[in-house]
Amino acid sequence: MLMQIPDIGNFKYLLRRFPSDPLGPRIKKIRGSHLYTHSGEKLIDFTAGYSACLALGGSNRRIESAIKSQMRKYSFISALAFSNSKTAELAELLVRNAPTGLDRVMFPGCSGSEAIEAAMRMSYQVRVEQGQVSRSTFITRSNAYHGITASALSLTSTPVYEFFRPLQAKNVVFIPQHNYFEKAEVNESENEYAARSARELEAAIIATGPEKVTAFVAETMLGQLQGNVTPSGNYWMLVREICDRYGIHLILDEVYCGLGRSGKVYCCEWDGITPDFVAQGKQLSAGYGPISAVVTKSEFEEVIKAGKNRIFFASTYEAHPLAVVAAIEVQKIVQSDEMLEHVNSGNTLIMSHLTEGLEKHAFFKNVRGRGMLVSLEYDCLDRDLFNQDLERSMRYEYSVLLSANYHRTNFTPPSSTSLRDTERVITQYVETFRKCSLKYSPKKSVGL
Ligand SMILES: Cc1ncc(COP(=O)(O)O)c(C=O)c1O
C-alpha cells in the first residue's frame with residue numbers, strides 16, 4: 001500500500017535534520033515562559049526553547065527596545081575594522097562578576113561551538129608564542145558535548161557523532177566522564193570519588209607526557225545530554241591543582257550552565273576556582289541574538305602581544321551589534337541579585353518537590369542540578385515508552401513542554417519563570433510520573 005505523504009507545503013524546500021519526521025509545532029508568539037502555537041495551544045516551556053537558552057523567555061520589552069534603537073543607528077558593522085563602545089560595555093559586564101583573574105573577553109562568533117574553538121586555538125597559540133610547540137594535545141572527558149565545529153567536535157565523543165571520527169583532530173585524549181551518580185562505588189563519598197576522578201586526569205597527563213598537553217577542556221557541570229550532573233565535592237579544586245602542577249590550561253565550557261543559569265554568574269564560582277578560559281554562549285544573549293564569548297586572562301594577551309601580536313581567529317559576524325546590545329540588557333538582568341536569588345529559590349523548590357514527591361518511588365534514583373537546571377533520574381523497564389508517556393501526558397493534559405529522555409527528565413525553564421508556575425508544573429509532573437508509572441515495572445538498578 002502506498003504511504004500517504006502529508007502535504008508539508010513549502011517546508012519541502014528545507015533540507016531538514018530528520019527528513020522523515022513530522023514537522024515540529026509552529027510557534028506564533030512567545031510571551032515570558034509561554035509558547036503560543038498556530039494550532040491554538042498555550043504551552044509553558046520547561047525546555048527554555050529546546051536548547052535551554054531562552055533564559056528570559058520571550059518578548060522582553062527592555063531587550064527588544066535596545067535592539068530596535070541599535071537598528072535605527074546601524075545593524076551591522078564589522079568588529080574586525082571598527083570599534084563599538086557597546087561591545088566594550090558588554091566585555092566589562094562579563095568581567096565584573098568573573099572569578100578573580102579573568103579580565104579579558106573575546107567575542108569569537110555566533111555560537112558556543114566557536115567559543116570552544118577559539119579557546120582551544122588561543123591556548124595553543126599561547127604555547128607557540130612561549131616556545132612550547134609540542135603542547136598541542138587536549139584532554140577531555142567522554143560523553144560530553146562541546147559543539148559542532150572541527151576542534152570542538154573532536155572533543156565530543158557521543159555515539160551519534162562517531163562516524164565523523166576520521167575527520168576529527170587526533171590530538172585529543174579522553175578520560176572517563178565525571179559523574180558521581182553513575183560512577184561512584186558503593187559507600188564512596190563525594191570527595192573520595194572526586195579524588196579518584198581527578199587522578200584519572202593526572203594519569204592521562206602523565207601517560208601523554210605533560211610537555212605535550214596544552215589544556216583540559218570540560219563542562220563545569222554536565223548539561224542536557226547527561227542531565228545536569230553537578231561536580232562532586234572538591235573535584236574542581238583538585239583539577240585546578242593538577243593543571244597548575246603540570247602547567248596545563250583549564251578551559252571550562254559554560255555555554256550551557258554559565259551566566260546566571262546555575263544560580264551564580266559563573267557556574268565555577270560554586271567550586272571556588274579560576275579557570276584559564278571560559279566559553280560562554282547560549283545565555284549571553286538568552287536567544288535574542290547569536291553571540292558567544294571567551295573570557296580569559298590579560299597575561300595571555302601579554303604573551304600574544306610579545307609574540308605575533310595578533311589572534312588568529314576572526315569571523316564576519318563576531319560581536320554583531322544587534323546581539324551585543326541584546327546581550328548587554330540580558331546580562332544586566334541575569335546577573336542582578338534579584339534574579340540570582342530567584343534562580344536559587346527555583347532550585348530549592350524544584351529539587352525539594354521532586355525529592356519529597358518521588359524519592360520513595362520504585363523508579364527513583366536521584367535529583368541533581370544547580371539553579372533552574374535540574375534533572376530527575378529514574379529507571380524502569382521500557383524506559384523509552386515511559387518517557388514518551390511522561391512527555392505526552394505533560395503536554396496534552398497540562399500544556400507543559402519538557403524533555404524526558406534516556407534515564408532522566410530535565411527541568412530547564414527560563415530563569416524568569418515565576419515560582420508559582422514552577423511549583424504548579426512540578427506538582428503536575430509528580431502526579432503524572434506516579435500515574436504513568438503504573439503501566440511499567442521497576443528495573444533492578446545498578447550502582448547508586
Ligand atoms: C556545553 C555545551 N557546549 C557547547 C555547545 C555548543 O553551542 P552551540 O550549539 O551554540 O554551538 C553546547 C550546545 O548545546 C553545549 O551545551
# chains A, B, ... in the order shown; residues from 1 in each chain; ligands from 1
$ residues_near_ligand --ligand "ligand 1" --cutoff "9 Å" --atoms "only C-alpha atoms and all ligand atoms" --output "PyMOL selection string"
chain A and resi 51-53+110-116+144-149+152+218-225+253-257+279-282+290-292
$ write_last_selection --atoms "C-alpha atoms" --output "mmCIF file, in the first residue's frame"
data_model
loop_
_atom_site.group_PDB
_atom_site.id
_atom_site.type_symbol
_atom_site.label_atom_id
_atom_site.label_comp_id
_atom_site.auth_asym_id
_atom_site.auth_seq_id
_atom_site.Cartn_x
_atom_site.Cartn_y
_atom_site.Cartn_z
ATOM 1 C CA SER A 51 18.191 24.352 23.623
ATOM 2 C CA ALA A 52 17.867 25.735 27.177
ATOM 3 C CA CYS A 53 18.994 29.168 26.006
ATOM 4 C CA CYS A 110 27.732 33.405 16.885
ATOM 5 C CA SER A 111 27.798 30.062 18.688
ATOM 6 C CA GLY A 112 29.063 28.188 21.708
ATOM 7 C CA SER A 113 30.982 25.936 19.309
ATOM 8 C CA GLU A 114 33.003 28.912 18.081
ATOM 9 C CA ALA A 115 33.751 29.933 21.671
ATOM 10 C CA ILE A 116 35.192 26.475 22.397
ATOM 11 C CA ALA A 144 30.386 15.341 26.657
ATOM 12 C CA TYR A 145 29.170 17.771 24.027
ATOM 13 C CA HIS A 146 31.304 20.801 23.205
ATOM 14 C CA GLY A 147 29.998 21.840 19.806
ATOM 15 C CA ILE A 148 29.888 21.127 16.117
ATOM 16 C CA THR A 149 32.940 22.885 14.609
ATOM 17 C CA ALA A 152 35.005 21.327 19.286
ATOM 18 C CA ALA A 218 35.350 20.238 30.363
ATOM 19 C CA GLU A 219 31.887 21.481 31.250
ATOM 20 C CA THR A 220 31.710 22.883 34.788
ATOM 21 C CA MET A 221 28.563 20.799 35.223
ATOM 22 C CA LEU A 222 27.342 18.299 32.649
ATOM 23 C CA GLY A 223 24.454 19.656 30.621
ATOM 24 C CA GLN A 224 21.352 18.484 28.862
ATOM 25 C CA LEU A 225 22.713 15.248 27.454
ATOM 26 C CA ASP A 253 32.705 25.118 28.938
ATOM 27 C CA GLU A 254 29.895 27.163 30.497
ATOM 28 C CA VAL A 255 27.972 27.545 27.246
ATOM 29 C CA TYR A 256 25.056 25.737 28.891
ATOM 30 C CA CYS A 257 25.456 26.440 32.606
ATOM 31 C CA ALA A 279 33.427 29.643 26.941
ATOM 32 C CA GLN A 280 30.047 31.367 27.134
ATOM 33 C CA GLY A 281 27.183 31.146 24.652
ATOM 34 C CA LYS A 282 23.506 30.458 24.978
ATOM 35 C CA PRO A 290 23.580 34.883 18.080
ATOM 36 C CA ILE A 291 26.744 35.685 20.013
ATOM 37 C CA SER A 292 29.351 33.866 22.104
#
$ select_by_dssp --residues "range 306-361 of chain A" --states "alpha helix (DSSP H)" --output "PyMOL selection string"
chain A and resi 306+321-334+337-358
$ residues_around --residues "Phe216 in chain A" --least-positions-apart "3" --cutoff "9 Å" --atoms "only C-alpha atoms" --output "JSON, numbers by chain"
{"A": [137, 138, 139, 140, 141, 201, 213, 243, 248, 249, 250, 251, 252]}
$ write_last_selection --atoms "C-alpha atoms" --output "PDB file, in the first residue's frame"
ATOM      1  CA  THR A 137      47.150  17.853  22.894  1.00  0.00           C
ATOM      2  CA  PHE A 138      43.804  18.440  24.571  1.00  0.00           C
ATOM      3  CA  ILE A 139      42.455  16.208  27.319  1.00  0.00           C
ATOM      4  CA  THR A 140      38.702  15.977  27.699  1.00  0.00           C
ATOM      5  CA  ARG A 141      36.007  13.729  29.167  1.00  0.00           C
ATOM      6  CA  LEU A 201      43.116  13.273  34.708  1.00  0.00           C
ATOM      7  CA  VAL A 213      49.392  18.749  26.754  1.00  0.00           C
ATOM      8  CA  CYS A 243      46.527  21.633  35.942  1.00  0.00           C
ATOM      9  CA  ILE A 248      48.118  22.908  31.766  1.00  0.00           C
ATOM     10  CA  HIS A 249      45.389  25.401  30.850  1.00  0.00           C
ATOM     11  CA  LEU A 250      41.935  24.754  32.231  1.00  0.00           C
ATOM     12  CA  ILE A 251      39.226  25.554  29.664  1.00  0.00           C
ATOM     13  CA  LEU A 252      35.739  25.464  31.154  1.00  0.00           C
TER      14      LEU A 252
END
$ residues_around --residues "Arg62 in chain A" --least-positions-apart "3" --cutoff "9 Å" --atoms "only C-alpha atoms" --output "ChimeraX atom specification"
/A:59,65-67,326,329-330
$ write_last_selection --atoms "N, CA and C atoms" --output "compact mmCIF listing (two decimals), in the first residue's frame"
# COMPACT_ATOMS: atom_id res chain seq x y z
N SER A 59 9.90 37.94 24.31
CA SER A 59 9.26 39.26 24.28
C SER A 59 9.60 40.15 25.47
N SER A 65 13.61 46.76 22.94
CA SER A 65 13.79 48.18 22.61
C SER A 65 15.28 48.51 22.41
N ALA A 66 16.17 47.83 23.12
CA ALA A 66 17.61 48.03 22.89
C ALA A 66 17.98 47.61 21.45
N ILE A 67 17.40 46.49 21.00
CA ILE A 67 17.71 46.03 19.63
C ILE A 67 17.19 47.05 18.61
N ALA A 326 21.58 43.40 22.73
CA ALA A 326 20.66 42.46 23.40
C ALA A 326 21.36 41.85 24.62
N GLU A 329 21.62 44.06 27.78
CA GLU A 329 20.39 44.10 28.60
C GLU A 329 20.18 42.77 29.31
N VAL A 330 20.43 41.65 28.60
CA VAL A 330 20.27 40.33 29.22
C VAL A 330 21.18 40.21 30.44
$ select_by_dssp --residues "range 91-181 of chain A" --states "strand (DSSP E or B)" --output "ChimeraX atom specification"
/A:104-109,137-141,172-175
$ write_last_selection --atoms "C-alpha atoms" --output "PDB file, in the first residue's frame"
ATOM      1  CA  ARG A 104      39.701  39.889  29.117  1.00  0.00           C
ATOM      2  CA  VAL A 105      36.844  38.966  26.771  1.00  0.00           C
ATOM      3  CA  MET A 106      36.855  37.932  23.151  1.00  0.00           C
ATOM      4  CA  PHE A 107      33.677  37.571  21.079  1.00  0.00           C
ATOM      5  CA  PRO A 108      34.649  34.924  18.525  1.00  0.00           C
ATOM      6  CA  GLY A 109      31.339  34.430  16.736  1.00  0.00           C
ATOM      7  CA  THR A 137      47.150  17.853  22.894  1.00  0.00           C
ATOM      8  CA  PHE A 138      43.804  18.440  24.571  1.00  0.00           C
ATOM      9  CA  ILE A 139      42.455  16.208  27.319  1.00  0.00           C
ATOM     10  CA  THR A 140      38.702  15.977  27.699  1.00  0.00           C
ATOM     11  CA  ARG A 141      36.007  13.729  29.167  1.00  0.00           C
ATOM     12  CA  VAL A 172      42.672  14.561  21.820  1.00  0.00           C
ATOM     13  CA  VAL A 173      42.846  12.223  24.821  1.00  0.00           C
ATOM     14  CA  PHE A 174      39.632  11.112  26.505  1.00  0.00           C
ATOM     15  CA  ILE A 175      39.241  10.346  30.192  1.00  0.00           C
TER      16      ILE A 175
END
$ residues_around --residues "Glu269 in chain A" --least-positions-apart "5" --cutoff "9 Å" --atoms "only C-alpha atoms" --output "ChimeraX atom specification"
/A:98-99,264,274
$ residues_around --residues "Glu377 in chain A" --least-positions-apart "6" --cutoff "8 Å" --atoms "only C-alpha atoms" --output "PyMOL selection string"
chain A and resi 227+364-367+407-409
$ atom_distance --atom1 "CA of His38 in chain A" --atom2 "CA of Ala286 in chain A"
23.4 Å
$ residues_around --residues "range 430-437 of chain A" --least-positions-apart "5" --cutoff "9 Å" --atoms "only C-alpha atoms" --output "PDB file with N, CA and C atoms, in the first residue's frame"
ATOM      1  N   HIS A 353      10.610  19.566  45.859  1.00  0.00           N
ATOM      2  CA  HIS A 353       9.328  18.962  45.461  1.00  0.00           C
ATOM      3  C   HIS A 353       9.527  17.617  44.773  1.00  0.00           C
ATOM      4  N   LEU A 354      10.545  17.542  43.919  1.00  0.00           N
ATOM      5  CA  LEU A 354      10.780  16.260  43.225  1.00  0.00           C
ATOM      6  C   LEU A 354      11.222  15.197  44.230  1.00  0.00           C
ATOM      7  N   GLY A 357       8.310  14.325  46.587  1.00  0.00           N
ATOM      8  CA  GLY A 357       7.222  13.658  45.858  1.00  0.00           C
ATOM      9  C   GLY A 357       7.583  12.276  45.344  1.00  0.00           C
ATOM     10  N   LEU A 358       8.869  12.034  45.062  1.00  0.00           N
ATOM     11  CA  LEU A 358       9.185  10.796  44.333  1.00  0.00           C
ATOM     12  C   LEU A 358      10.284   9.927  44.937  1.00  0.00           C
ATOM     13  N   HIS A 361       9.505   6.407  45.397  1.00  0.00           N
ATOM     14  CA  HIS A 361       9.001   5.680  44.227  1.00  0.00           C
ATOM     15  C   HIS A 361      10.028   4.641  43.778  1.00  0.00           C
ATOM     16  N   PHE A 363      10.988   3.717  40.963  1.00  0.00           N
ATOM     17  CA  PHE A 363      11.833   4.060  39.803  1.00  0.00           C
ATOM     18  C   PHE A 363      12.909   5.098  40.153  1.00  0.00           C
ATOM     19  N   CYS A 380      13.380   2.109  34.826  1.00  0.00           N
ATOM     20  CA  CYS A 380      12.281   1.134  34.828  1.00  0.00           C
ATOM     21  C   CYS A 380      12.405   0.320  33.542  1.00  0.00           C
ATOM     22  N   PHE A 386       8.059   4.856  28.679  1.00  0.00           N
ATOM     23  CA  PHE A 386       7.685   5.634  29.868  1.00  0.00           C
ATOM     24  C   PHE A 386       7.971   7.123  29.628  1.00  0.00           C
ATOM     25  N   ASP A 389       5.400   8.592  27.366  1.00  0.00           N
ATOM     26  CA  ASP A 389       4.149   8.789  28.112  1.00  0.00           C
ATOM     27  C   ASP A 389       4.215  10.050  28.968  1.00  0.00           C
ATOM     28  N   LEU A 390       5.360  10.216  29.650  1.00  0.00           N
ATOM     29  CA  LEU A 390       5.531  11.395  30.511  1.00  0.00           C
ATOM     30  C   LEU A 390       5.425  12.685  29.696  1.00  0.00           C
ATOM     31  N   SER A 393       1.805  13.153  28.306  1.00  0.00           N
ATOM     32  CA  SER A 393       0.811  13.497  29.339  1.00  0.00           C
ATOM     33  C   SER A 393       1.009  14.925  29.806  1.00  0.00           C
ATOM     34  N   MET A 394       2.260  15.329  30.017  1.00  0.00           N
ATOM     35  CA  MET A 394       2.506  16.698  30.473  1.00  0.00           C
ATOM     36  C   MET A 394       2.049  17.706  29.412  1.00  0.00           C
ATOM     37  N   VAL A 425       3.923  23.352  37.906  1.00  0.00           N
ATOM     38  CA  VAL A 425       4.400  22.358  36.928  1.00  0.00           C
ATOM     39  C   VAL A 425       5.014  21.152  37.643  1.00  0.00           C
ATOM     40  N   PRO A 442       9.415  -1.737  37.709  1.00  0.00           N
ATOM     41  CA  PRO A 442      10.751  -1.267  38.071  1.00  0.00           C
ATOM     42  C   PRO A 442      11.820  -2.207  37.521  1.00  0.00           C
TER      43      PRO A 442
END
$ closest_residue --among "A:His178, A:Arg17, A:Arg135, A:Arg31" --to "Ala215 in chain A" --atoms "only C-alpha atoms"
A:Arg135
$ closest_residue --among "A:Val278, A:Ala293, A:Leu167, A:Val229" --to "Ser375 in chain A" --atoms "only C-alpha atoms"
A:Val229
